[in-house]
Every structure is written in structure tokens, then in C-alpha cells.
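Structure record follows, encoded as C-alpha cells.
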2 protein chains.
Amino acid sequence: MSSDFTSTSGSGTRKFIKPSFAYLIEKKRDKGEFSEDEIRFIVDSILDEELPDFQLSALAMAIYFNQLSAQETATLAEEMMLSGEVVDLGRISRPKIAKYSTGGVGDKTSLVLPPLAAACGVCMPCINGVDEDFVISAIDKLEAIPGFRADLPLKQFVEQLVKVGCAMYAPSASVAPVDTALYKLREQTGTVPSLHLITASVLSRKLAEGAEGLAVDVKWGNGSYIKDLEQAKQLARSITRVARGMKRRCVALVTDMNQPLGDTVGTALEIAETIKLLKGEGPEDLKELVLKMGMEIVRLAGVAGSTLSAKQTVEKHLSDGSALEKFKEMIAAQGGNTAFIDDPSKFTPAKYIRKLPAPKRGYVHTINAGMIARGVQVLASNKKGKPDPSVGVSEIKKVGTQVKQGEPLMMIHYNDESKLEAALEYLRSAYRLAPKRPTPPPLVVERVA
Amino acid sequence: MSSDFTSTSGSGTRKFIKPSFAYLIEKKRDKGEFSEDEIRFIVDSILDEELPDFQLSALAMAIYFNQLSAQETATLAEEMMLSGEVVDLGRISRPKIAKYSTGGVGDKTSLVLPPLAAACGVCMPCINGVDEDFVISAIDKLEAIPGFRADLPLKQFVEQLVKVGCAMYAPSASVAPVDTALYKLREQTGTVPSLHLITASVLSRKLAEGAEGLAVDVKWGNGSYIKDLEQAKQLARSITRVARGMKRRCVALVTDMNQPLGDTVGTALEIAETIKLLKGEGPEDLKELVLKMGMEIVRLAGVAGSTLSAKQTVEKHLSDGSALEKFKEMIAAQGGNTAFIDDPSKFTPAKYIRKLPAPKRGYVHTINAGMIARGVQVLASNKKGKPDPSVGVSEIKKVGTQVKQGEPLMMIHYNDESKLEAALEYLRSAYRLAPKRPTPPPLVVERVA
């Protein structure tokens with residue numbers, strides 16, 4: 001059954017004969033390239049619920065194996081973006097740059113960068129996407145602040161961007177609904193790791209948020225859903241290349257996620273570390289990542305030209321307190337009690353703190369960040385409601401640190417003794433000690449522009 | 001969500017933890033090999049309608065790309081067979097051999113071989129599967145005989161095999177229901193051409209019919225759904241190898257389907273040609289294929305040992321009329337009027353016959369059998385009910401035949417003048433003439449045992 005509709009895309013009005021979904025699946029199965037009309041038809045059919053799930057999932061698997069070209073990916077991103085509401089930031093004259101991270105254990109940059117960018121004069125819209133289940137999302141962390149709300153109407157999002165310059169909102173059903181539907185199916189059909197579907201998904205959402213440019217952090221390693229460095233590089237290249245094809249500025253850093261970022265993992269503990277970072281303090285690895293991503297953002301925005309001026313701009317707004325001020329403004333705009341930012345000791349601490357002792361002397365050789373995340377997840381798990389924000393781990397000994405036997409590898413904050421043993425199993429298994437000092441891995445492996 | 005159930009397969013009772021369907025899809029996506037328990041779980045979940053279609057179709061696509069091993073295919077075939085009724089032919093002492101053909105244009109061997117085998121003392125159960133849409137199925141042809149019924153209960157199938165030695169039944173909902181469900185999904189998701197899913201499908205059905213051995217005809221060419229010779233060879237090897245793993249004797253011939261088999265295409269016309277073949281007459285190509293497949297069947301059955309005695313056995317039962325007699329017994333057992341077999345002129349002829357003239361002099365260089373099938377399909381199409389059995393084409397000039405300009409390439413039998421032009425377009429485009437005599441393609445390309 002095929003019927004006609006008139007397409008006005010490309011160089012003029014012409015007829016497009018709707019193909020069958022089976023034909024489209026076979027085309028991709030046989031390495032064919034979809035036309036713009038075909039991709040528009042697919043996206044429209046998902047939106048209209050005319051493309052049955054069993055055909056869409058087969059198509060996604062065919063795409064997983066046979067890829068999408070840069071042109072196909074760009075069209076898919078564009079059409080998925082247009083499937084829902086596109087935030088109009090035309091009222092804002094400042095440059096509008098979004099950031100995207102594949103997510104990692106202990107990463108606080110998603111909380112630091114929006115207010116930092118805003119302090120530097122860049123508008124940074126953030127509507128969060130779906131996170132890996134073992135990572136505590138930025139929204140989860142912010143919602144530990146009493147009063148803070150992320151599920152606010154899109155209209156308010158724009159108002160806040162005008163006033164404050166940054167905003168952190170929960171996913172909205174009205175933004176890129178086709179991406180939401182497709183992603184839900186991908187999660188259950190082994191098709192999440194398709195490089196090109198990830199690229200189209202990210203770009204459809206970030207451009208729907210009104211971004212003119214995009215700074216990307218692709219993490220690889222045992223604490224990322226991308227375990228393979230080569231794949232991380234490919235994703236970084238795919239996103240930048242397709243974004244360029246869509247006439248958007250884009251820079252991607254490929255960064256290490258083979259140990260937690262910073263010294264803490266856990267909701268309230270990470271908020272406290274975030275505040276340090278916003279003052280230009282905190283652990284070296286996170287400071288480096290905040291600085292490098294911040295520099296990319298101000299350069300993409302055109303706020304700074306040279307590397308040196310970019311570095312100076314970012315460092316200035318951290319050290320003069322303006323980034324922290326923006327953070328408080330953002331929290332306040334979304335209903336949060338900023339007294340908790342002024343004094344993080346207001347967060348209810350965990351009842352117990354104990355050390356994870358080193359089983360022998362030596363150097364921390366490797367850390368499995370995913371295992372640490374799972375250990376913290378066990379401590380925070382709560383059958384009745386939200387995960388417990390007060391638990392976590394702190395003072396994490398990083399790769400290359402020398403320890404004596406019995407010395408703490410980390411401090412464990414917990415409330416429920418019955419969960420400790422299960423958590424300890426994950427935490428212990430995360431560490432490998434060795435007699436020789438290892439070469440710590442580089443934090444930024446590659447820059448793709 | 002996973003729960004336990006106790007499996008009694010293999011070497012004893014042990015626990016099998018049900019995996020998630022997403023895990024199974026990812027396993028095959030990443031080239032993993034399924035255990036017997038996993039395949040049994042998949043088949044059981046399809047039968048119980050617990051495996052959602054959208055996950056099954058993604059799994060089928062992952063199998064299309066990453067294959068199944070011979071062991072996995074055998075287990076899948078076995079489990080799909082056991083998902084429904086398995087015909088018990090224990091009462092029959094004669095050897096029980098099934099045949100399977102991938103289907104082709106003008107092929108009459110599916111009608112000739114069962115009675116021929118029965119005449120030779122071999123029991124041949126035939127429950128037909130799903131055919132390609134452009135091919136007239138064996139059941140369609142037989143149902144043109146007044147009174148003939150193929151949709152009869154399985155109980156009667158066994159009775160008929162005891163009495164007659166052969167039977168041609170329509171697909172039964174109770175035989176291999178999981179294969180039926182899977183095939184229906186495959187048709188709409190571009191996963192029909194998976195070699196290993198075809199293999200498992202064929203074997204699950206043929207073994208459910210009670211066969212001890214299997215003779216296979218894999219056709220390649222423009223009149224088959226397998227257009228590529230190498231793929232046909234791979235399918236022949238896959239079926240024989242997996243059948244052997246299941247302790248079944250199996251021989252496969254890879255045969256040419258780049259021109260119609262025999263001189264006719266069309267329901268009643270093909271019945272008439274079938275009767276000739278059952279008398280040891282008819283066109284050379286079909287006689288050769290009947291003889292070669294017949295020889296494989298009697299050797300698989302152990303009725304004949306040497307090639308010579310196999311040839312003599314088959315030729316004897318064609319020339320002495322016993323194969324034709326069996327055909328009539330089978331038709332009668334299924335309610336058909338055998339007067340139409342005694343005198344095929346009883347079939348209502350088409351109103352009009354006209355020639356398809358050669359546009360120029362030369363040799364028939366190639367024929368597109370698929371195009372001829374589609375031309376006949378146009379002539380036979382009937383909005384109200386079954387296709388018209390009286391139409392078709394006869395006296396088909398085969399590859400290598402010399403023709404003068406205006407001489408008939410075939411005779412066209414039709415009833416509805418309004419369909420002629422559309423049919424002629426297909427039929428004309430099927431022929432390529434050339435000034436030099438081409439080398440006719442070999443009929444049997446390879447024998448795989």
C-alpha cells in the first residue's frame with residue numbers, strides 16, 4: 001500500500017512515493033543510503049505511530065550493523081529535532097552553546113560548566129537526556145538541594161536563560177519526541193551503541209534546546225558506557241562531523257573514564273565538591289577537565305579568541321566567585337534553597353563513616369570506576385523512593401597513589417549497615433594494587449574539531 | 001527480571017537462569033553463541049507470546065548479520081519442531097523421506113516426486129510451507145482439480161500415508177507454530193534471507209512431518225528468491241550439514257532457475273505437463289530434474305544402492321504407469337476428481353490464445369523467469385477470489401533456441417483482454433535475443449551430501 005504526498009524539500013516540489021517499511025529495512029540491510037524524503041518519512045511515521053515497533057527495531061539493528069552516512073545522520077538529527085518543540089532563543093543576543101557528556105562516575109563538570117559559561121557571558125541551555133543507570137545524573141544531584149525542581153515548563157526555561165544565562169531542566173516530553181520513542185526501543189533491543197543513532201539523538205536534542213554550538217565530552221573506559229577508546233574517538237568524530245554538516249560549531253574532547261573523576265562519588269558529597277570547583281579549588285583532574293571544557297565553550301562562543309585569553313577568561317570567573325554566584329542564581333531560579341550552597345554542611349551527613357583499608361602495600365594500579373558506582377548505588381538504594389543522597393565515598397585514592405597496608409583507599413559514608421557488605425564487595429573489587437608505580441592515564445586523549 | 005526454572009536437557013537436571021531478551025539480542029549482536037537452554041528459552045517465549053515482537057525482530061536481524069552456528073541452527077530447528085505437533089509415522093515400515101524445494105517458475109517436480117517416490121516404495125509426507133508470492137504453489141495447482149482438498153486434519157494425513165504412501169497437505173496451524181510466527185515477522189522485517197533461519201525453518205517443518213531423510217532442491221537465479229549462486233550453495237551446505245547434525249540423512253542439489261522449468265507456466269497447463277512427466281514424457285529439463293531428484297530420494301531411502309539401480313528404479317516406475325497411478329490415488333484420497341487426470345482436456349481452456357512474437361531473428365539468449373511468472377500472475381489475477389487456473393503460457397522457447405522474426409516465443413492463454421497489455425509488458429521484457437547461440441546453463445550445478 002503506497003500513496004503519494006508532496007514534498008517541498010530540496011530544490012522544489014516533487015512527488016515522493018511512500019515506500020513500505022519492509023523495503024526501507026531491506027534497503028539498509030543491503031547497505032543502501034536513505035534519501036532525505038525517506039528519513040523524513042521514517043521520522044513522521046514514528047511520530048504518527050504508523051511505523052510498528054517490530055519494524056522500527058529491525059531497522060535500528062540494520063543501522064547498527066550497516067551505519068548511517070554523515071548526510072543520513074544529519075537529516076535524521078534535523079528531522080527528530082523538528083518532530084517536537086524547538087526552543088526559540090532568538091531574544092537572547094549572547095552566544096548560545098550547549099554541552100553534552102556521555103556521562104561518567106564522579107563527574108561534576110555538568111554542574112560546573114553551565115554557571116561558569118553563564119558567568120563568562122555565554123548562554124548555556126541544558127535539558128538533560130537519559131543517563132546510564134549506574135551514573136548519578138546531574139539532575140539527581142541538584143534535586144538533593146531542598147526546593148530545587150527540574151521538571152518545569154519550557155516557557156520558564158527560556159525566561160531563566162534570559163535572566164540567569166543557564167538552566168538545568170529535566171527531559172521534556174515535547175522536545176524531540178521521536179528521539180524519546182526511538183531511544184526507549186533501542187534500550188530494549190541492543191541498539192543503544194549505534195554510533196550514528198547516538199549522534200543523531202544527541203544533536204536532535206541539543207539543537208532543539210536552541211544551541212548554536214556544542215562542546216562534547218566523550219568518555220571512554222570502565223566507568224563509561226563506551227569501554228573502547230577507538231569507539232569513543234569514532235563517536236567524537238561522528239558528532240563533530242555531522243554537527244558541521246548541520247552548520248553548527250562543535251568541538252569534542254575524548255577523555256579518560258577509567259577511574260572516578262575527583263575525590264567523591266555520591267549525591268551530597270558531589271555537590272560539596274562542585275562548590276569547591278566553582279571557586280577554582282578541588283581535585284586536579286576535575287579542575288583540568290573544567291578548565292579544558294570551559295576553554296572550548298568560550299572559544300566556540302567567540303567570547304575568547306586565543307587559547308591564552310580563553311584560559312584567562314575561565315580562570316578569572318572561577319577565582320572571582322562569579323561562576324559560583326551564577327550557580328546560586330540558577331538554583332534559586334529553580335526554587336532551590338541556596339543556603340545549602342553557602343554551607344554544604346547543612347546536607348544531612350551519613351550516620352557512619354568507615355575506611356576501605358588497602359589489603360596490602362603498593363601503588364593503586366587500576367580502579368574500576370563502574371564498580372565504585374555500583375557500590376555507591378547499593379548503599380543509596382531505597383525501595384520506597386529516591387536513592388539516599390547522603391551516602392557515598394570520599395577521599396578516593398587515585399591511580400598512581402602509594403598506600404601502606406591498612407591505609408584507607410577511600411572513606412565510605414553509609415546509613416544502613418545491612419547494605420555495607422554487598423557494597424564493600426563492589427568497592428574492594430574495584431581496586432588493583434601493584435608493587436610498581438603505574439603511569440597515570442592522560443585525562444584528555446584527543447581533541448576533535 | 002529473571003527467575004529460575006529447572007531444565008532437564010543435556011546430561012542431567014540443572015538450573016538455568018532466564019536471561020533478559022535484551023541480553024540475548026546483545027549477545028547475538030556481539031557474535032555470541034547461544035546455549036541450548038537459551039534457544040529453548042527463546043522458542044518457548046515465542047510460543048507463550050512472552051517475547052515481544054519488537055525484540056524478536058531485532059534478534060532476527062542480529063542473526064541475519066552474525067549468523068547461527070550449525071549447533072545453534074540444529075537446536076533451533078529441533079525446538080521449533082517440538083513447539084507443535086510432530087507427526088508419528090511409526091506405523092509405517094517403509095522409509096520416510098521428505099523433499100524440499102526453494103520454489104521456482106514452472107517447476108512441476110513437487111507434484112511428480114511424491115507419487116513417484118510412493119510408487120518406488122518410499123513414503124513421502126508433504127505438508128507445504130509458505131511460498132514466494134510470484135510462484136504458483138503445488139497446492140494451488142492441485143486445488144484446480146475439482147473436489148481436491150489440501151486443508152484436511154493431520155489424522156487423515158497419517159491414514160493417507162499408510163494407504164497411499166504420499167500426501168500433499170496445506171500448512172497446519174498445529175505444526176511448528178513458532179516457525180509460523182517467526183516467519184510472519186521475518187517477512188515484514190527484511191530477515192527472510194537469513195541462511196540459518198531458512199535452514200531451521202525448513203528442518204523444523206520437514207522433521208515435524210515425520211521424515212527420516214530429506215532431499216532438497218535449492219534453486220538459484222532470476223526465477224528464485226535466491227538470486228546468487230554462491231548463496232544457493234551456502235544454503236544447500238547449511239541444510240545438509242545441520243540435518244546431519246540432527247542425525248538425518250540429507251542430500252541437496254543446487255539447480256538452475258534462470259528460465260522457467262518445462263514448457264508451461266499456469267495452473268491447469270502445469271497439471272497437464274505434470275501428467276506427461278508421470279508417464280516418463282514431457283520436456284527434457286524437467287525429465288532430468290525429476291530423474292535426478294527421484295534417484296536421490298530412492299538412494300536416501302535405501303530402496304536402491306547404486307546409481308544405476310536408482311536410475312532404473314525411477315525410470316521403471318515412470319514408464320510402467322505406477323507413478324501416475326499413485327498420483328491418481330493421492331488425488332482421489334484427497335477428494336479430487338481423477339477424471340481430470342485421465343483427460344486434462346476437461347479443464348476449462350482459456351478463451352483466447354495468441355503468440356508472443358519474436359521482435360527479431362536470433363537465439364534466445366536469456367529468459368527472466370521471474371518476469372514470466374509476473375506476467376502470468378497478471379493474467380490470472382482476480383479481485384473476487386482465487387487466481388484464474390485456465391490462463392498461462394505454453395510452448396515456451398528456452399535458452400539456446402533459434403527463432404525467426406515474428407515466430408512465437410510462447411503462446412499466451414488468457415480470458416480477460418483488459419489484462420493482456422500489462423502481462424505482455426512483463427513477458428516481452430523477459431526475453432533477450434542475441435545473434436549468437438549461447439551456452440545453455442547446466443541444470444544441476446552442484447550436489448551436496
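Ordering of the C-alpha cells sets the chain letters (A, B, ...), residue numbers begin anew at 1 in every chain, and ligands are numbered from 1 in the order given.
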- Task: Can you pull out every residue within 6 Å of range 40-56 of chain B, counting only C-alpha atoms, but drop anything in the same chain fewer than 3 positions away, and send it as JSON, numbers by chain?
- Result: {"A": [53, 54, 57, 189], "B": [37, 59, 178]}
- Can you list, as a ChimeraX atom specification, every protein, DNA or RNA residue that comes within 12 Å of Asp256 in chain A when you count only C-alpha atoms, leaving out same-chain residues fewer than 6 positions away? /A:102-105,107,217-224,226-229,232-233,285-286,289,369,440-446
- Task: Measuring atom to atom with only C-alpha atoms, identify which of B:Ala333, B:Leu142, B:Cys120, B:Met257 is nearest to Leu269 in chain B.
- Result: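 Counting only C-alpha atoms, the residue closest to Leu269 in chain B is B:Leu142.
Note on identical chains: chain B superimposed on chain A gives 0.1 Å, C-alpha RMSD over every paired atom.
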- Task: May I have the residues within 12 Å of Ala339 in chain A as a list in words, using only C-alpha atoms and disregarding those fewer than 3 positions away in the same chain?
- Result: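 Close residues of Ala339 in chain A: Ile145, Pro146, Gly147, Lys328, Glu329, Ile331, Ala332, Gly335, Gly336, Asp342, Asp343, Pro344, Ser345, Lys346 and Phe347 of chain A.
One distance worth recording is that between CA of Thr73 in chain A and CA of Val202 in chain A, which is 10.9 Å.
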With only C-alpha atoms counted and 10 Å as the cut-off, give the residues of chain A in contact with chain B, each with its shortest interatomic distance in Å and the pair that gives it, as CSV.
residue,atom,partner,partner_atom,distance
A:Ser20,CA,B:Gln188,CA,9.3
A:Phe21,CA,B:Gln188,CA,7.8
A:Ala22,CA,B:Gln188,CA,5.2
A:Tyr23,CA,B:Gly190,CA,7.5
A:Leu24,CA,B:Gly190,CA,8.7
A:Ile25,CA,B:Gly190,CA,5.9
A:Glu26,CA,B:Gly190,CA,5.0
A:Lys27,CA,B:Gly190,CA,8.7
A:Lys28,CA,B:Gly190,CA,9.5
A:Arg29,CA,B:Gly190,CA,7.4
A:Asp30,CA,B:Gly190,CA,9.6
A:Pro52,CA,B:Phe54,CA,8.3
A:Asp53,CA,B:Phe54,CA,5.4
A:Phe54,CA,B:Phe54,CA,3.6
A:Gln55,CA,B:Thr189,CA,5.6
A:Leu56,CA,B:Phe54,CA,7.7
A:Ser57,CA,B:Ala58,CA,5.4
A:Ala58,CA,B:Ala58,CA,4.5
A:Leu59,CA,B:Thr189,CA,7.7
A:Ala60,CA,B:Ala58,CA,7.8
A:Met61,CA,B:Ala58,CA,5.9
A:Ala62,CA,B:Met61,CA,6.7
A:Tyr64,CA,B:Arg29,CA,9.1
A:Phe65,CA,B:Phe65,CA,7.4
A:Asn66,CA,B:Phe65,CA,9.5
A:Leu185,CA,B:Phe54,CA,8.0
A:Arg186,CA,B:Ala22,CA,9.5
A:Glu187,CA,B:Ala22,CA,7.9
A:Gln188,CA,B:Ala22,CA,5.2
A:Thr189,CA,B:Ala22,CA,5.3
A:Gly190,CA,B:Glu26,CA,5.0
A:Thr191,CA,B:Glu26,CA,8.2
- Query: Expressed in Å to a single decimal, how great is the separation between CA of Lys247 in chain A and CA of Lys206 in chain A?
  - Reply: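 Computed distance, CA of Lys247 in chain A to CA of Lys206 in chain A, equals 13.6 Å.
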- Which residue gives the smallest distance to Val216 in chain A among A:Ala449, A:Val364, A:Ala304, A:Val86, with only C-alpha atoms counted?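 Under the stated criterion, the closest residue is A:Ala449.
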- What's the 9 Å shell around Lys108 in chain B, counting only C-alpha atoms, without same-chain residues fewer than 6 positions away, as a PyMOL selection string? chain B and resi 138+261-262+270-271+273-274+277+286+290
Quick one: write out the picked residues with C-alpha atoms as a compact mmCIF listing (two decimals), in the first residue's frame?
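Dumped everything to part-v7.txt:
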# COMPACT_ATOMS: atom_id res chain seq x y z
CA ALA B 138 1.86 -27.07 -5.64
CA LEU B 261 11.26 -25.23 -16.00
CA GLY B 262 9.41 -27.10 -18.75
CA GLU B 270 1.12 -27.24 -15.48
CA ILE B 271 -1.20 -30.04 -14.33
CA GLU B 273 2.52 -31.19 -18.10
CA THR B 274 2.75 -32.98 -14.73
CA LEU B 277 6.07 -36.29 -16.67
CA LEU B 286 12.01 -31.35 -16.13
CA VAL B 290 12.62 -35.49 -11.84
- If you run DSSP over the backbone, which residues in range 22-90 of chain B end up helix (DSSP H, G or I)? Put them as a PyMOL selection string. chain B and resi 22-29+36-47+53-66+70-82
- Excluding same-chain residues fewer than 5 positions from Ile97 in chain B, what lies within 7 Å of it counting only C-alpha atoms, as a list of chain:residue names?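 The residues that qualify are B:Val122, B:Cys123, B:Met124, B:Ala211, B:Glu212, B:Gly213, B:Leu214, B:Ile297, B:Ala301.
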Would you write out those residues with N, CA, C and O atoms, as a CSV table (one decimal), in the first residue's frame?
chain,number,residue,atom,x,y,z
B,122,VAL,N,8.7,-45.7,-1.3
B,122,VAL,CA,9.1,-44.7,-0.3
B,122,VAL,C,7.9,-44.0,0.2
B,122,VAL,O,7.1,-43.6,-0.6
B,123,CYS,N,7.8,-43.8,1.5
B,123,CYS,CA,6.7,-42.9,2.0
B,123,CYS,C,7.1,-41.5,2.0
B,123,CYS,O,8.2,-41.1,2.5
B,124,MET,N,6.3,-40.6,1.3
B,124,MET,CA,6.7,-39.2,1.2
B,124,MET,C,5.6,-38.3,1.8
B,124,MET,O,4.7,-38.0,1.1
B,211,ALA,N,9.7,-37.1,8.7
B,211,ALA,CA,10.7,-37.6,7.8
B,211,ALA,C,11.9,-38.1,8.5
B,211,ALA,O,12.4,-37.5,9.5
B,212,GLU,N,12.5,-39.2,7.9
B,212,GLU,CA,13.8,-39.7,8.4
B,212,GLU,C,15.0,-39.1,7.6
B,212,GLU,O,16.1,-39.1,8.0
B,213,GLY,N,14.6,-38.7,6.4
B,213,GLY,CA,15.7,-38.2,5.5
B,213,GLY,C,15.0,-37.1,4.6
B,213,GLY,O,13.8,-37.0,4.6
B,214,LEU,N,15.9,-36.3,3.9
B,214,LEU,CA,15.4,-35.2,3.2
B,214,LEU,C,16.2,-34.9,1.9
B,214,LEU,O,17.4,-34.9,1.9
B,297,ILE,N,16.2,-39.5,-3.9
B,297,ILE,CA,15.1,-40.0,-2.9
B,297,ILE,C,15.2,-41.5,-2.7
B,297,ILE,O,15.2,-42.0,-1.5
B,301,ALA,N,16.4,-43.4,0.7
B,301,ALA,CA,15.5,-44.3,1.4
B,301,ALA,C,16.1,-45.7,1.5
B,301,ALA,O,15.6,-46.6,2.2
- Item | Residue set, range 175-228 of chain A restricted to strand (DSSP E or B), as a PyMOL selection string | chain A and resi 213-220
Those residues with all heavy atoms, as a PDB file, in the first residue's frame please?
ATOM      1  N   GLY A 213      26.091  26.189  19.027  1.00  0.00           N
ATOM      2  CA  GLY A 213      27.333  25.414  19.005  1.00  0.00           C
ATOM      3  C   GLY A 213      27.288  24.400  20.124  1.00  0.00           C
ATOM      4  O   GLY A 213      26.431  24.468  21.014  1.00  0.00           O
ATOM      5  N   LEU A 214      28.232  23.452  20.075  1.00  0.00           N
ATOM      6  CA  LEU A 214      28.161  22.335  21.010  1.00  0.00           C
ATOM      7  C   LEU A 214      29.565  21.901  21.434  1.00  0.00           C
ATOM      8  O   LEU A 214      30.433  21.665  20.594  1.00  0.00           O
ATOM      9  CB  LEU A 214      27.438  21.170  20.323  1.00  0.00           C
ATOM     10  CG  LEU A 214      27.219  19.887  21.126  1.00  0.00           C
ATOM     11  CD1 LEU A 214      26.351  20.146  22.349  1.00  0.00           C
ATOM     12  CD2 LEU A 214      26.590  18.822  20.239  1.00  0.00           C
ATOM     13  N   ALA A 215      29.761  21.803  22.760  1.00  0.00           N
ATOM     14  CA  ALA A 215      31.004  21.239  23.294  1.00  0.00           C
ATOM     15  C   ALA A 215      30.692  19.859  23.849  1.00  0.00           C
ATOM     16  O   ALA A 215      29.750  19.700  24.629  1.00  0.00           O
ATOM     17  CB  ALA A 215      31.557  22.136  24.409  1.00  0.00           C
ATOM     18  N   VAL A 216      31.482  18.873  23.410  1.00  0.00           N
ATOM     19  CA  VAL A 216      31.162  17.479  23.718  1.00  0.00           C
ATOM     20  C   VAL A 216      32.297  16.833  24.500  1.00  0.00           C
ATOM     21  O   VAL A 216      33.474  17.070  24.215  1.00  0.00           O
ATOM     22  CB  VAL A 216      30.912  16.688  22.411  1.00  0.00           C
ATOM     23  CG1 VAL A 216      30.622  15.224  22.708  1.00  0.00           C
ATOM     24  CG2 VAL A 216      29.778  17.311  21.619  1.00  0.00           C
ATOM     25  N   ASP A 217      31.928  16.036  25.498  1.00  0.00           N
ATOM     26  CA  ASP A 217      32.911  15.265  26.262  1.00  0.00           C
ATOM     27  C   ASP A 217      32.560  13.785  26.096  1.00  0.00           C
ATOM     28  O   ASP A 217      31.577  13.308  26.655  1.00  0.00           O
ATOM     29  CB  ASP A 217      32.833  15.682  27.741  1.00  0.00           C
ATOM     30  CG  ASP A 217      33.802  14.885  28.616  1.00  0.00           C
ATOM     31  OD1 ASP A 217      34.611  14.103  28.077  1.00  0.00           O
ATOM     32  OD2 ASP A 217      33.736  15.055  29.851  1.00  0.00           O
ATOM     33  N   VAL A 218      33.347  13.082  25.281  1.00  0.00           N
ATOM     34  CA  VAL A 218      33.112  11.647  25.082  1.00  0.00           C
ATOM     35  C   VAL A 218      34.076  10.886  25.988  1.00  0.00           C
ATOM     36  O   VAL A 218      35.293  10.968  25.817  1.00  0.00           O
ATOM     37  CB  VAL A 218      33.337  11.225  23.613  1.00  0.00           C
ATOM     38  CG1 VAL A 218      33.099   9.725  23.447  1.00  0.00           C
ATOM     39  CG2 VAL A 218      32.415  12.003  22.686  1.00  0.00           C
ATOM     40  N   LYS A 219      33.528  10.179  26.955  1.00  0.00           N
ATOM     41  CA  LYS A 219      34.373   9.464  27.909  1.00  0.00           C
ATOM     42  C   LYS A 219      34.509   8.000  27.493  1.00  0.00           C
ATOM     43  O   LYS A 219      33.557   7.383  27.045  1.00  0.00           O
ATOM     44  CB  LYS A 219      33.748   9.534  29.298  1.00  0.00           C
ATOM     45  CG  LYS A 219      33.665  10.966  29.826  1.00  0.00           C
ATOM     46  CD  LYS A 219      33.076  10.975  31.224  1.00  0.00           C
ATOM     47  CE  LYS A 219      32.829  12.408  31.685  1.00  0.00           C
ATOM     48  NZ  LYS A 219      34.071  13.190  31.820  1.00  0.00           N
ATOM     49  N   TRP A 220      35.704   7.469  27.697  1.00  0.00           N
ATOM     50  CA  TRP A 220      35.897   6.042  27.403  1.00  0.00           C
ATOM     51  C   TRP A 220      36.491   5.374  28.648  1.00  0.00           C
ATOM     52  O   TRP A 220      37.227   5.986  29.424  1.00  0.00           O
ATOM     53  CB  TRP A 220      36.850   5.841  26.208  1.00  0.00           C
ATOM     54  CG  TRP A 220      38.290   5.965  26.596  1.00  0.00           C
ATOM     55  CD1 TRP A 220      38.998   7.102  26.771  1.00  0.00           C
ATOM     56  CD2 TRP A 220      39.175   4.883  26.898  1.00  0.00           C
ATOM     57  NE1 TRP A 220      40.269   6.825  27.149  1.00  0.00           N
ATOM     58  CE2 TRP A 220      40.415   5.459  27.236  1.00  0.00           C
ATOM     59  CE3 TRP A 220      39.050   3.482  26.899  1.00  0.00           C
ATOM     60  CZ2 TRP A 220      41.526   4.687  27.577  1.00  0.00           C
ATOM     61  CZ3 TRP A 220      40.146   2.711  27.237  1.00  0.00           C
ATOM     62  CH2 TRP A 220      41.378   3.315  27.577  1.00  0.00           C
TER      63      TRP A 220
END
- Task: Give me the residues within 8 Å of Leu409 in chain B as a list in words, counting only C-alpha atoms and dropping any in the same chain fewer than 5 places off.
- Result: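 What passes the distance filter is Lys355, Leu356, Pro357, Ala358, Glu395, Ile396, Lys397 and Val403 of chain B.
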- Query: Of the residues A:Glu78, A:Pro359, A:Ala423, A:Ala272, which is the one nearest to Arg248 in chain A, using only C-alpha atoms?
  - Reply: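 Among the listed residues, the smallest separation from Arg248 in chain A belongs to A:Glu78.
Coordinates place CA of Ala170 in chain A at a distance of 5.3 Å from CA of Asp151 in chain A.
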- Message: Need to verify the contact set: range 312-322 of chain B, 6 Å, only C-alpha atoms, exclusion of same-chain residues closer than 5 positions in sequence. Can you return it as a list in words?
- Response: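 Residues meeting the cut-off are Ala119, Leu278, Lys279 and Gly280 of chain B.
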For those residues, write C-alpha atoms to a file as a PDB file, in the first residue's frame.
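File result_11.pdb, as written:
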ATOM      1  CA  ALA B 119       5.469 -45.952  -6.413  1.00  0.00           C
ATOM      2  CA  LEU B 278       4.393 -39.007 -14.605  1.00  0.00           C
ATOM      3  CA  LYS B 279       4.349 -41.074 -17.794  1.00  0.00           C
ATOM      4  CA  GLY B 280       8.062 -40.504 -18.324  1.00  0.00           C
TER       5      GLY B 280
END
